[in-house]
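The next block is target28.cif, given as mmCIF, C-alpha atoms and all ligand atoms.
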data_start
loop_
_atom_site.label_atom_id
_atom_site.label_comp_id
_atom_site.auth_asym_id
_atom_site.auth_seq_id
_atom_site.Cartn_x
_atom_site.Cartn_y
_atom_site.Cartn_z
CA MET A 25 -66.73 49.60 -33.73
CA GLN A 26 -63.91 47.40 -34.79
CA SER A 27 -61.28 49.89 -33.61
CA ILE A 28 -63.01 50.47 -30.26
CA GLN A 29 -63.13 46.74 -29.59
CA ASN A 30 -59.44 46.60 -30.28
CA VAL A 31 -58.56 49.15 -27.64
CA PRO A 32 -58.78 46.78 -24.66
CA VAL A 33 -56.81 44.22 -26.66
CA ALA A 34 -54.12 46.80 -27.30
CA ILE A 35 -54.08 47.78 -23.60
CA GLY A 36 -53.92 44.12 -22.66
CA ALA A 37 -50.90 43.70 -24.91
CA LEU A 38 -49.28 46.78 -23.39
CA VAL A 39 -49.85 45.50 -19.87
CA ARG A 40 -48.44 42.12 -20.83
CA THR A 41 -45.37 43.76 -22.36
CA ALA A 42 -44.91 45.90 -19.26
CA LEU A 43 -45.22 42.80 -17.10
CA VAL A 44 -42.61 40.94 -19.11
CA VAL A 45 -40.28 43.93 -19.05
CA GLY A 46 -40.93 44.27 -15.32
CA LEU A 47 -40.07 40.65 -14.78
CA LEU A 48 -36.88 40.90 -16.82
CA TRP A 49 -35.73 44.16 -15.34
CA GLN A 50 -33.60 43.90 -12.24
CA PRO A 51 -32.12 46.65 -10.13
CA PRO A 52 -28.43 47.33 -10.87
CA VAL A 53 -27.18 45.77 -7.66
CA ALA A 54 -28.62 42.42 -8.71
CA THR A 55 -26.74 42.37 -12.00
CA ALA A 56 -23.93 40.42 -10.44
CA ALA A 57 -26.19 37.42 -10.84
CA ASP A 58 -23.48 34.86 -10.33
CA MET A 59 -22.82 35.85 -6.74
CA HIS A 60 -23.21 33.13 -4.20
CA ALA A 61 -25.63 33.37 -1.32
CA SER A 62 -22.63 34.19 0.85
CA GLY A 63 -22.46 37.49 -1.03
CA ARG A 64 -19.22 36.47 -2.67
CA HIS A 65 -18.50 34.92 -5.97
CA ALA A 66 -15.61 32.66 -6.83
CA ALA A 67 -12.86 34.57 -8.63
CA LYS A 68 -10.40 33.27 -11.17
CA ALA A 69 -6.79 34.38 -11.44
CA THR A 70 -7.51 36.04 -14.80
CA GLU A 71 -10.39 38.01 -13.32
CA ILE A 72 -8.21 39.18 -10.43
CA ALA A 73 -5.53 40.31 -12.90
CA GLU A 74 -8.14 42.25 -14.90
CA GLY A 75 -9.41 43.81 -11.71
CA ARG A 76 -5.91 44.80 -10.72
CA SER A 77 -5.32 46.65 -13.96
CA ALA A 78 -8.74 48.37 -13.88
CA PHE A 79 -7.99 49.37 -10.28
CA ARG A 80 -4.61 50.82 -11.23
CA THR A 81 -6.19 53.00 -13.88
CA ASN A 82 -9.32 54.18 -12.10
CA CYS A 83 -8.80 53.92 -8.38
CA ALA A 84 -5.08 53.88 -7.52
CA PRO A 85 -4.70 57.68 -7.70
CA CYS A 86 -6.79 57.90 -4.52
CA HIS A 87 -6.61 54.45 -2.91
CA GLY A 88 -2.96 53.70 -3.71
CA LEU A 89 -1.51 51.11 -6.11
CA THR A 90 -1.98 48.26 -3.66
CA ALA A 91 -5.32 49.58 -2.31
CA ARG A 92 -3.72 50.13 1.10
CA GLY A 93 -4.84 53.72 1.07
CA GLY A 94 -3.45 56.79 -0.64
CA GLY A 95 -3.55 60.44 0.24
CA ARG A 96 -7.20 60.79 -0.76
CA GLY A 97 -8.89 57.44 -0.26
CA PRO A 98 -9.01 54.88 2.55
CA ASP A 99 -7.36 51.47 2.81
CA LEU A 100 -9.61 48.93 1.05
CA THR A 101 -7.78 45.87 2.33
CA SER A 102 -8.53 46.03 6.04
CA GLY A 103 -11.70 43.95 5.76
CA ASN A 104 -13.72 46.71 7.45
CA TRP A 105 -16.21 48.31 5.09
CA ALA A 106 -17.88 51.53 6.25
CA HIS A 107 -20.38 51.24 3.39
CA GLY A 108 -21.05 47.53 3.52
CA GLY A 109 -18.83 44.54 2.76
CA THR A 110 -20.96 42.17 0.70
CA ASP A 111 -20.28 42.00 -3.04
CA PRO A 112 -23.53 43.84 -3.95
CA GLU A 113 -22.80 46.58 -1.40
CA ILE A 114 -19.25 47.13 -2.65
CA PHE A 115 -20.60 46.98 -6.20
CA ARG A 116 -23.03 49.78 -5.33
CA THR A 117 -20.35 51.89 -3.60
CA ILE A 118 -18.10 51.64 -6.65
CA THR A 119 -20.75 52.43 -9.26
CA ARG A 120 -22.65 55.11 -7.33
CA GLY A 121 -19.81 56.57 -5.30
CA VAL A 122 -20.25 58.02 -1.82
CA PRO A 123 -22.19 61.29 -2.16
CA GLY A 124 -20.69 64.17 -0.27
CA THR A 125 -17.18 62.67 -0.33
CA GLU A 126 -14.40 62.50 -2.87
CA MET A 127 -15.43 58.95 -3.78
CA PRO A 128 -16.87 59.42 -7.29
CA ALA A 129 -19.52 57.39 -9.09
CA ASN A 130 -17.67 55.26 -11.62
CA VAL A 131 -18.86 54.43 -15.12
CA LEU A 132 -17.53 50.89 -15.56
CA ASP A 133 -19.18 47.84 -17.01
CA ASP A 134 -20.43 45.17 -14.61
CA ALA A 135 -17.68 42.72 -15.44
CA GLU A 136 -15.03 45.34 -14.68
CA VAL A 137 -16.61 46.15 -11.32
CA ARG A 138 -16.82 42.47 -10.42
CA ALA A 139 -13.17 42.04 -11.43
CA ILE A 140 -12.18 44.98 -9.20
CA ILE A 141 -14.10 43.41 -6.28
CA ALA A 142 -12.35 40.09 -6.94
CA PHE A 143 -9.03 41.92 -6.89
CA LEU A 144 -9.89 43.67 -3.59
CA ARG A 145 -11.01 40.34 -2.09
CA SER A 146 -7.72 38.78 -3.11
CA LEU A 147 -5.92 41.40 -0.98
CA ALA A 148 -8.14 41.53 2.06
CA PRO A 149 -7.61 39.21 4.99
CA PRO A 150 -10.52 36.79 5.42
CA ALA A 151 -12.99 37.83 8.08
CA HIS A 152 -11.79 36.08 11.22
CA ALA A 153 -11.85 32.58 10.01
CA VAL A 154 -12.50 30.19 12.81
CA VAL A 155 -12.39 26.68 11.53
CA ALA A 156 -13.70 23.72 13.46
CA GLY A 157 -10.83 21.27 13.74
CA ASP A 158 -7.74 20.70 15.78
CA PRO A 159 -4.84 22.97 14.79
CA GLY A 160 -2.37 20.79 16.69
CA ARG A 161 -3.36 17.71 14.74
CA GLY A 162 -3.38 19.82 11.56
CA ARG A 163 0.18 20.82 12.21
CA GLN A 164 1.22 17.17 12.53
CA ILE A 165 -0.57 16.32 9.28
CA PHE A 166 1.20 19.24 7.59
CA ALA A 167 4.64 18.26 8.83
CA GLY A 168 4.13 14.51 8.68
CA SER A 169 1.78 12.24 6.83
CA ALA A 170 0.59 14.64 4.11
CA GLY A 171 4.10 15.79 3.26
CA CYS A 172 3.15 19.47 2.90
CA ALA A 173 6.32 20.58 4.69
CA THR A 174 8.52 18.88 2.10
CA CYS A 175 7.47 21.63 -0.32
CA HIS A 176 6.31 24.49 1.90
CA MET A 177 8.21 26.65 4.33
CA VAL A 178 6.49 27.81 7.54
CA ASP A 179 8.39 30.18 9.83
CA GLY A 180 11.72 29.31 8.29
CA SER A 181 11.57 25.54 8.06
CA GLY A 182 10.35 23.29 5.29
CA GLY A 183 10.84 22.87 1.55
CA ARG A 184 11.01 25.56 -1.09
CA LEU A 185 9.21 24.15 -4.13
CA GLY A 186 5.93 25.73 -3.09
CA PRO A 187 5.23 29.21 -1.76
CA ASP A 188 6.12 30.09 1.82
CA LEU A 189 2.94 29.62 3.86
CA SER A 190 3.99 31.54 6.98
CA ARG A 191 1.31 34.18 6.31
CA VAL A 192 -1.24 32.14 4.42
CA GLY A 193 -3.92 32.29 7.12
CA ALA A 194 -3.92 36.07 7.05
CA ALA A 195 -3.69 36.29 3.28
CA ARG A 196 -6.17 33.72 2.03
CA ALA A 197 -9.82 32.85 2.51
CA VAL A 198 -10.67 29.37 3.76
CA ALA A 199 -12.45 28.47 0.49
CA TYR A 200 -9.27 29.34 -1.40
CA LEU A 201 -7.24 27.11 0.93
CA VAL A 202 -9.62 24.21 0.33
CA ASP A 203 -9.27 24.62 -3.44
CA SER A 204 -5.48 24.89 -3.13
CA ILE A 205 -5.43 21.48 -1.47
CA ARG A 206 -8.21 19.60 -3.27
CA GLU A 207 -7.64 21.12 -6.74
CA PRO A 208 -4.26 22.87 -6.96
CA ASP A 209 -4.64 23.51 -10.71
CA LYS A 210 -7.80 25.55 -10.23
CA GLU A 211 -6.11 28.79 -9.27
CA LEU A 212 -2.35 29.05 -9.35
CA THR A 213 -0.48 31.26 -6.92
CA GLY A 214 1.25 34.24 -8.53
CA GLY A 215 4.94 33.46 -8.93
CA ALA A 216 7.91 35.04 -10.68
CA THR A 217 7.39 38.23 -12.66
CA ASP A 218 6.38 37.98 -16.30
CA PRO A 219 9.35 39.33 -18.29
CA ASN A 220 7.15 40.23 -21.26
CA ASN A 221 4.70 42.28 -19.27
CA HIS A 222 6.00 45.72 -18.42
CA TYR A 223 3.48 46.14 -15.60
CA GLY A 224 5.44 43.39 -13.88
CA LEU A 225 2.46 41.07 -13.44
CA PRO A 226 3.36 37.75 -11.84
CA LEU A 227 3.43 34.59 -13.91
CA PRO A 228 1.39 31.77 -12.44
CA TYR A 229 3.40 29.63 -10.03
CA ASP A 230 3.27 26.70 -12.41
CA THR A 231 5.27 23.65 -13.36
CA VAL A 232 8.14 24.54 -15.68
CA THR A 233 10.00 22.16 -17.93
CA VAL A 234 13.42 23.15 -19.27
CA VAL A 235 14.41 21.14 -22.34
CA MET A 236 18.18 20.81 -22.79
CA PRO A 237 19.88 20.93 -26.21
CA GLY A 238 20.27 17.14 -26.07
CA GLY A 239 16.55 16.69 -25.33
CA GLU A 240 16.81 15.86 -21.57
CA ARG A 241 14.15 17.58 -19.49
CA MET A 242 14.33 19.14 -16.06
CA VAL A 243 11.04 19.79 -14.26
CA GLY A 244 10.53 22.23 -11.41
CA VAL A 245 9.27 25.71 -10.59
CA ALA A 246 10.73 29.08 -11.66
CA ARG A 247 12.25 31.08 -8.82
CA ASN A 248 13.25 34.00 -11.04
CA GLU A 249 12.79 34.52 -14.71
CA ASP A 250 13.49 37.24 -17.21
CA THR A 251 13.78 37.42 -20.97
CA PHE A 252 17.28 35.94 -21.00
CA SER A 253 17.53 33.60 -18.04
CA ILE A 254 15.64 31.40 -15.64
CA GLN A 255 16.36 30.01 -12.18
CA LEU A 256 14.71 26.67 -11.72
CA ILE A 257 14.15 24.77 -8.48
CA ALA A 258 14.00 21.18 -9.66
CA VAL A 259 11.69 18.66 -7.99
CA ASP A 260 14.64 17.39 -5.91
CA GLN A 261 14.84 21.02 -4.60
CA SER A 262 18.21 21.70 -6.24
CA LEU A 263 18.64 25.17 -7.76
CA HIS A 264 19.69 25.59 -11.40
CA CYS A 265 20.35 28.67 -13.47
CA PHE A 266 20.03 28.65 -17.25
CA LEU A 267 20.59 31.19 -19.96
CA LYS A 268 17.69 30.77 -22.32
CA LYS A 269 20.01 30.82 -25.34
CA ASP A 270 21.72 27.70 -23.98
CA VAL A 271 18.58 25.57 -23.71
CA ARG A 272 16.20 24.32 -26.37
CA GLU A 273 12.97 25.35 -24.71
CA VAL A 274 11.39 26.64 -21.49
CA VAL A 275 7.81 25.37 -21.19
CA HIS A 276 5.30 26.82 -18.72
CA GLU A 277 2.84 23.98 -18.16
CA ARG A 278 0.12 26.17 -16.57
CA LYS A 279 -0.57 23.52 -14.00
CA SER A 280 0.53 23.13 -10.42
CA LEU A 281 3.45 21.06 -9.32
CA MET A 282 1.50 20.38 -6.15
CA PRO A 283 -0.29 17.02 -6.12
CA ALA A 284 -4.07 17.18 -5.63
CA TYR A 285 -5.23 15.78 -2.27
CA PRO A 286 -8.60 14.07 -2.89
CA GLU A 287 -10.57 12.47 -0.03
CA SER A 288 -8.66 9.23 -0.54
CA ALA A 289 -5.41 11.03 0.33
CA LEU A 290 -6.78 13.40 2.96
CA SER A 291 -10.10 12.68 4.66
CA ALA A 292 -12.64 15.42 5.35
CA SER A 293 -11.72 15.51 9.03
CA GLN A 294 -7.98 15.60 8.28
CA LEU A 295 -8.64 18.49 5.89
CA GLN A 296 -10.58 20.24 8.65
CA ASP A 297 -7.65 19.89 11.07
CA LEU A 298 -5.25 21.09 8.42
CA LEU A 299 -7.38 24.18 7.72
CA ALA A 300 -7.65 24.88 11.45
CA TYR A 301 -3.84 24.94 11.47
CA LEU A 302 -3.40 26.99 8.27
CA VAL A 303 -5.72 29.79 9.42
CA THR A 304 -3.44 30.34 12.41
CA LEU A 305 -0.53 31.24 10.11
CA GLY A 306 0.22 34.93 9.86
CA PRO A 307 1.17 37.90 11.98
CA ASP A 308 -1.39 38.42 14.74
CA ARG A 309 -3.34 35.42 13.54
CA ARG A 310 -2.29 33.05 16.27
CA ALA A 311 -3.47 35.45 18.95
CA ALA A 312 -6.64 36.41 17.05
CA VAL A 313 -7.63 32.81 16.52
CA ARG A 314 -6.88 31.96 20.14
CA ASP A 315 -8.98 34.90 21.38
CA SER A 316 -11.99 33.96 19.31
CA ARG A 317 -12.11 30.43 20.64
C1 LIG A 401 -10.94 61.02 -6.19
C2 LIG A 401 -10.55 60.00 -5.25
C3 LIG A 401 -11.19 58.62 -5.38
C4 LIG A 401 -11.24 57.79 -6.49
C5 LIG A 401 -10.73 58.08 -7.90
C6 LIG A 401 -11.84 56.55 -6.05
N1 LIG A 401 -12.14 56.63 -4.72
FE1 LIG A 401 -13.04 55.17 -3.63
N2 LIG A 401 -13.13 56.41 -2.02
C7 LIG A 401 -12.58 57.67 -1.97
C8 LIG A 401 -12.88 58.25 -0.67
C9 LIG A 401 -12.46 59.64 -0.17
C10 LIG A 401 -13.63 57.29 0.03
C11 LIG A 401 -14.20 57.41 1.46
C12 LIG A 401 -15.63 57.85 1.35
C13 LIG A 401 -16.23 57.98 2.74
O1 LIG A 401 -16.12 59.03 3.33
O2 LIG A 401 -16.78 57.00 3.21
C14 LIG A 401 -13.77 56.14 -0.84
C15 LIG A 401 -14.43 54.98 -0.50
C16 LIG A 401 -14.46 53.84 -1.28
C17 LIG A 401 -15.08 52.60 -0.89
C18 LIG A 401 -15.86 52.33 0.39
C19 LIG A 401 -14.97 51.78 1.45
C20 LIG A 401 -15.76 51.38 2.67
O3 LIG A 401 -15.17 51.43 3.75
O4 LIG A 401 -16.91 50.95 2.54
C21 LIG A 401 -14.85 51.71 -1.89
C22 LIG A 401 -15.28 50.25 -1.95
C23 LIG A 401 -14.09 52.40 -2.91
N3 LIG A 401 -13.88 53.69 -2.51
C24 LIG A 401 -13.65 51.82 -4.08
C25 LIG A 401 -13.15 52.56 -5.14
C26 LIG A 401 -12.87 51.99 -6.43
C27 LIG A 401 -13.01 50.51 -6.79
C28 LIG A 401 -12.45 53.01 -7.23
C29 LIG A 401 -12.09 52.95 -8.69
C30 LIG A 401 -13.06 52.40 -9.60
C31 LIG A 401 -12.43 54.22 -6.42
N4 LIG A 401 -12.86 53.90 -5.16
C32 LIG A 401 -12.04 55.46 -6.87
C33 LIG A 401 -11.89 58.32 -2.97
C34 LIG A 401 -11.76 57.86 -4.27
C1 LIG A 402 5.39 18.60 -4.44
C2 LIG A 402 5.34 19.85 -3.71
C3 LIG A 402 4.10 20.23 -2.93
C4 LIG A 402 3.46 19.52 -1.92
C5 LIG A 402 3.78 18.13 -1.41
C6 LIG A 402 2.42 20.39 -1.43
N1 LIG A 402 2.41 21.58 -2.13
FE1 LIG A 402 1.16 23.14 -1.80
N2 LIG A 402 1.96 24.10 -3.42
C7 LIG A 402 3.02 23.64 -4.17
C8 LIG A 402 3.24 24.56 -5.27
C9 LIG A 402 4.31 24.44 -6.35
C10 LIG A 402 2.28 25.58 -5.15
C11 LIG A 402 2.09 26.81 -6.05
C12 LIG A 402 1.23 26.46 -7.24
C13 LIG A 402 -0.23 26.40 -6.89
O1 LIG A 402 -0.84 27.44 -6.65
O2 LIG A 402 -0.74 25.27 -6.79
C14 LIG A 402 1.49 25.26 -3.96
C15 LIG A 402 0.46 26.05 -3.47
C16 LIG A 402 -0.18 25.84 -2.24
C17 LIG A 402 -1.09 26.76 -1.62
C18 LIG A 402 -1.53 28.12 -2.16
C19 LIG A 402 -0.71 29.20 -1.51
C20 LIG A 402 -1.13 30.59 -1.96
O3 LIG A 402 -0.92 31.54 -1.18
O4 LIG A 402 -1.67 30.75 -3.06
C21 LIG A 402 -1.48 26.20 -0.42
C22 LIG A 402 -2.43 26.80 0.60
C23 LIG A 402 -0.82 24.93 -0.32
N3 LIG A 402 -0.03 24.75 -1.44
C24 LIG A 402 -0.95 24.07 0.74
C25 LIG A 402 -0.44 22.79 0.77
C26 LIG A 402 -0.79 21.80 1.77
C27 LIG A 402 -1.70 22.06 2.96
C28 LIG A 402 -0.12 20.66 1.43
C29 LIG A 402 -0.21 19.32 2.11
C30 LIG A 402 -1.55 18.76 2.22
C31 LIG A 402 0.68 20.95 0.23
N4 LIG A 402 0.44 22.24 -0.14
C32 LIG A 402 1.54 20.05 -0.41
C33 LIG A 402 3.77 22.51 -3.94
C34 LIG A 402 3.43 21.52 -3.04
#
Show me this structure written as structure tokens.
Amino acid sequence: MQSIQNVPVAIGALVRTALVVGLLWQPPVATAADMHASGRHAAKATEIAEGRSAFRTNCAPCHGLTARGGGRGPDLTSGNWAHGGTDPEIFRTITRGVPGTEMPANVLDDAEVRAIIAFLRSLAPPAHAVVAGDPGRGRQIFAGSAGCATCHMVDGSGGRLGPDLSRVGAARAVAYLVDSIREPDKELTGGATDPNNHYGLPLPYDTVTVVMPGGERMVGVARNEDTFSIQLIAVDQSLHCFLKKDVREVVHERKSLMPAYPESALSASQLQDLLAYLVTLGPDRRAAVRDSR
């Protein structure tokens, strides 16, 4: 009797276990749990670098080193996705492959796949970004009150402490541009090549301090650097070349030389105008943005 009474209890327990397992189990495409509702998740520079190296090993033989397409696989940077362009869709394409084509299923862990997607996103032009705001006013803010042009070159004029922004609208997503302006330290642009990394990965475009033998310091950004020498553009935009054996220390500060522009320095509507201007920068962008208005 005892054992028969226990049967329903045992079944109940089984059902409960199954329910719990069922609740915990999620289909593979949902494993990228940290994706935003937009279908994208915010990538860090380190993640992009990891993705780049995983891509080189697993995917470059077909898609080319820069993902622009090789002999056997298509360009993955065009922004057009035949098999779906949200993060979960690309995730699925990479892990399951495209049956009936040369695109294989790939056995990679989730973090690696997400890093590869982050890398691909960092290459692809943003889907036609149309930003509410006045590009003409944005241009004036850029060249005038905000002082962006003192550090950034656009179409051949401007300063050279920061990266040339002539193509930035084609190269970068709007969210990245906002971060670049509000929180420059969050994700540094890739700069000079890392002399200690034989894959030639870029060093972050960070603030560099060169300490002279006498202890004086010169602060700027590295234009070129290798194991033995460094070219520094100092904050006054003068160019200096040093042999590393002649200086006491070269310190990479891992933070941006660009000042952060909080709301107090650049209001929300000024930022909007500035973004409307920045997205027009790049080959074909001016026309594309004009057409979509
Ligand atoms: C053996 C060659 C080969 C390898 C290796 C390969 N691919 Fe592919 N891939 C292809 C081909 C061919 C296609 C086009 C499939 C089709 O007909 O749609 C493709 C398609 C894709 C697509 C879909 C593009 C779209 O328009 O939706 C993605 C994403 C992709 N590959 C990513 C990767 C990644 C990431 C890796 C490495 C982990 C990889 N591939 C490895 C050959 C390859
Ligand atoms: C004192 C010099 C300086 C000023 C002023 C300055 N920047 Fe920068 N900017 C930099 C440096 C250096 C970097 C590279 C390091 C980094 O990623 O922050 C940079 C990076 C950027 C990037 C990222 C580019 C990329 O492709 O990754 C954008 C966008 C940008 N700046 C826009 C602006 C805008 C817009 C302004 C004006 C509101 C501005 N900057 C003012 C120095 C400056």
Residues within 9 Å of ligand LIG 401 (chain A) (all atoms listed in the file), as an mmCIF file with C-alpha atoms, in the frame of the given file?
data_model
loop_
_atom_site.group_PDB
_atom_site.id
_atom_site.type_symbol
_atom_site.label_atom_id
_atom_site.label_comp_id
_atom_site.auth_asym_id
_atom_site.auth_seq_id
_atom_site.Cartn_x
_atom_site.Cartn_y
_atom_site.Cartn_z
ATOM 1 C CA ALA A 78 -8.740 48.370 -13.880
ATOM 2 C CA PHE A 79 -7.990 49.370 -10.280
ATOM 3 C CA ARG A 80 -4.610 50.820 -11.230
ATOM 4 C CA THR A 81 -6.190 53.000 -13.880
ATOM 5 C CA ASN A 82 -9.320 54.180 -12.100
ATOM 6 C CA CYS A 83 -8.800 53.920 -8.380
ATOM 7 C CA ALA A 84 -5.080 53.880 -7.520
ATOM 8 C CA PRO A 85 -4.700 57.680 -7.700
ATOM 9 C CA CYS A 86 -6.790 57.900 -4.520
ATOM 10 C CA HIS A 87 -6.610 54.450 -2.910
ATOM 11 C CA ALA A 91 -5.320 49.580 -2.310
ATOM 12 C CA GLY A 94 -3.450 56.790 -0.640
ATOM 13 C CA GLY A 95 -3.550 60.440 0.240
ATOM 14 C CA ARG A 96 -7.200 60.790 -0.760
ATOM 15 C CA GLY A 97 -8.890 57.440 -0.260
ATOM 16 C CA PRO A 98 -9.010 54.880 2.550
ATOM 17 C CA ASP A 99 -7.360 51.470 2.810
ATOM 18 C CA LEU A 100 -9.610 48.930 1.050
ATOM 19 C CA SER A 102 -8.530 46.030 6.040
ATOM 20 C CA GLY A 103 -11.700 43.950 5.760
ATOM 21 C CA ASN A 104 -13.720 46.710 7.450
ATOM 22 C CA TRP A 105 -16.210 48.310 5.090
ATOM 23 C CA ALA A 106 -17.880 51.530 6.250
ATOM 24 C CA HIS A 107 -20.380 51.240 3.390
ATOM 25 C CA GLY A 108 -21.050 47.530 3.520
ATOM 26 C CA GLY A 109 -18.830 44.540 2.760
ATOM 27 C CA GLU A 113 -22.800 46.580 -1.400
ATOM 28 C CA ILE A 114 -19.250 47.130 -2.650
ATOM 29 C CA PHE A 115 -20.600 46.980 -6.200
ATOM 30 C CA ARG A 116 -23.030 49.780 -5.330
ATOM 31 C CA THR A 117 -20.350 51.890 -3.600
ATOM 32 C CA ILE A 118 -18.100 51.640 -6.650
ATOM 33 C CA THR A 119 -20.750 52.430 -9.260
ATOM 34 C CA GLY A 121 -19.810 56.570 -5.300
ATOM 35 C CA VAL A 122 -20.250 58.020 -1.820
ATOM 36 C CA PRO A 123 -22.190 61.290 -2.160
ATOM 37 C CA GLY A 124 -20.690 64.170 -0.270
ATOM 38 C CA THR A 125 -17.180 62.670 -0.330
ATOM 39 C CA GLU A 126 -14.400 62.500 -2.870
ATOM 40 C CA MET A 127 -15.430 58.950 -3.780
ATOM 41 C CA PRO A 128 -16.870 59.420 -7.290
ATOM 42 C CA ALA A 129 -19.520 57.390 -9.090
ATOM 43 C CA ASN A 130 -17.670 55.260 -11.620
ATOM 44 C CA VAL A 131 -18.860 54.430 -15.120
ATOM 45 C CA LEU A 132 -17.530 50.890 -15.560
ATOM 46 C CA GLU A 136 -15.030 45.340 -14.680
ATOM 47 C CA VAL A 137 -16.610 46.150 -11.320
ATOM 48 C CA ILE A 140 -12.180 44.980 -9.200
ATOM 49 C CA ILE A 141 -14.100 43.410 -6.280
ATOM 50 C CA LEU A 144 -9.890 43.670 -3.590
#
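With distances restricted to all atoms listed in the file, A:Asp260 is the closest residue to ligand LIG 402 (chain A) from A:Asp218, A:Glu74, A:Asp111, A:Asp260.
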Find the nearest atom pair between each residue of chain A and ligand LIG 402 (chain A) for residues within 9 Å, count only C-alpha atoms and all ligand atoms, give distances in Å to one decimal, sort rows by chain and ascending number, and present the table as a tab-separated table.
residue	atom	partner	partner_atom	distance
A:Ile165	CA	A:LIG402	C30	7.5
A:Phe166	CA	A:LIG402	C29	5.7
A:Ala167	CA	A:LIG402	C29	8.4
A:Ser169	CA	A:LIG402	C30	8.7
A:Ala170	CA	A:LIG402	C30	5.0
A:Gly171	CA	A:LIG402	C5	5.2
A:Cys172	CA	A:LIG402	C29	3.5
A:Ala173	CA	A:LIG402	C32	7.0
A:Thr174	CA	A:LIG402	C5	5.9
A:Cys175	CA	A:LIG402	C2	4.4
A:His176	CA	A:LIG402	N1	6.3
A:Gly183	CA	A:LIG402	C2	8.2
A:Arg184	CA	A:LIG402	C33	8.4
A:Leu185	CA	A:LIG402	C9	5.4
A:Gly186	CA	A:LIG402	C8	3.7
A:Pro187	CA	A:LIG402	C10	5.8
A:Asp188	CA	A:LIG402	C19	7.7
A:Leu189	CA	A:LIG402	C19	6.5
A:Arg191	CA	A:LIG402	O3	8.2
A:Val192	CA	A:LIG402	O3	5.6
A:Gly193	CA	A:LIG402	C22	8.7
A:Ala195	CA	A:LIG402	O3	7.1
A:Arg196	CA	A:LIG402	O3	6.5
A:Tyr200	CA	A:LIG402	C22	7.6
A:Leu201	CA	A:LIG402	C22	4.8
A:Val202	CA	A:LIG402	C22	7.6
A:Asp203	CA	A:LIG402	C22	8.2
A:Ser204	CA	A:LIG402	C17	5.0
A:Ile205	CA	A:LIG402	C25	5.6
A:Arg206	CA	A:LIG402	C30	8.7
A:Glu207	CA	A:LIG402	O2	8.1
A:Pro208	CA	A:LIG402	O2	4.3
A:Asp209	CA	A:LIG402	O2	5.8
A:Lys210	CA	A:LIG402	O2	7.9
A:Glu211	CA	A:LIG402	O1	6.0
A:Leu212	CA	A:LIG402	O1	3.5
A:Thr213	CA	A:LIG402	O1	3.8
A:Gly214	CA	A:LIG402	O4	7.1
A:Gly215	CA	A:LIG402	C11	7.8
A:Pro228	CA	A:LIG402	C12	7.4
A:Tyr229	CA	A:LIG402	C12	4.7
A:Asp230	CA	A:LIG402	C12	5.6
A:Thr231	CA	A:LIG402	C9	7.1
A:Gly244	CA	A:LIG402	C9	8.3
A:Val245	CA	A:LIG402	C9	6.6
A:Val259	CA	A:LIG402	C1	7.2
A:Lys279	CA	A:LIG402	O2	7.4
A:Ser280	CA	A:LIG402	O2	4.4
A:Leu281	CA	A:LIG402	C9	4.6
A:Met282	CA	A:LIG402	C33	3.8
A:Pro283	CA	A:LIG402	C1	6.1
A:Ala284	CA	A:LIG402	C32	8.2
A:Tyr285	CA	A:LIG402	C30	6.5
A:Ala289	CA	A:LIG402	C30	8.8
A:Leu290	CA	A:LIG402	C30	7.5
A:Leu295	CA	A:LIG402	C30	8.0
A:Leu298	CA	A:LIG402	C27	6.6
A:Leu299	CA	A:LIG402	C27	7.7
A:Leu302	CA	A:LIG402	C27	7.4
Centre and edges of the segment 290-296 of chain A box, axis-aligned, 8 Å extra per side, as JSON:
{"center_x": -9.7, "center_y": 16.5, "center_z": 6.0, "size_x": 21.9, "size_y": 23.6, "size_z": 22.1}
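The closest residue to Asn248 of chain A, picked from A:Pro219, A:Gly93, A:Gly162, A:Pro286 and counting all atoms listed in the file, is A:Pro219.
Considering the residues A:Met236, A:Asn220, A:Gly180, A:Leu263 and counting only C-alpha atoms, Thr251 of chain A has its shortest atom-to-atom contact with A:Asn220.
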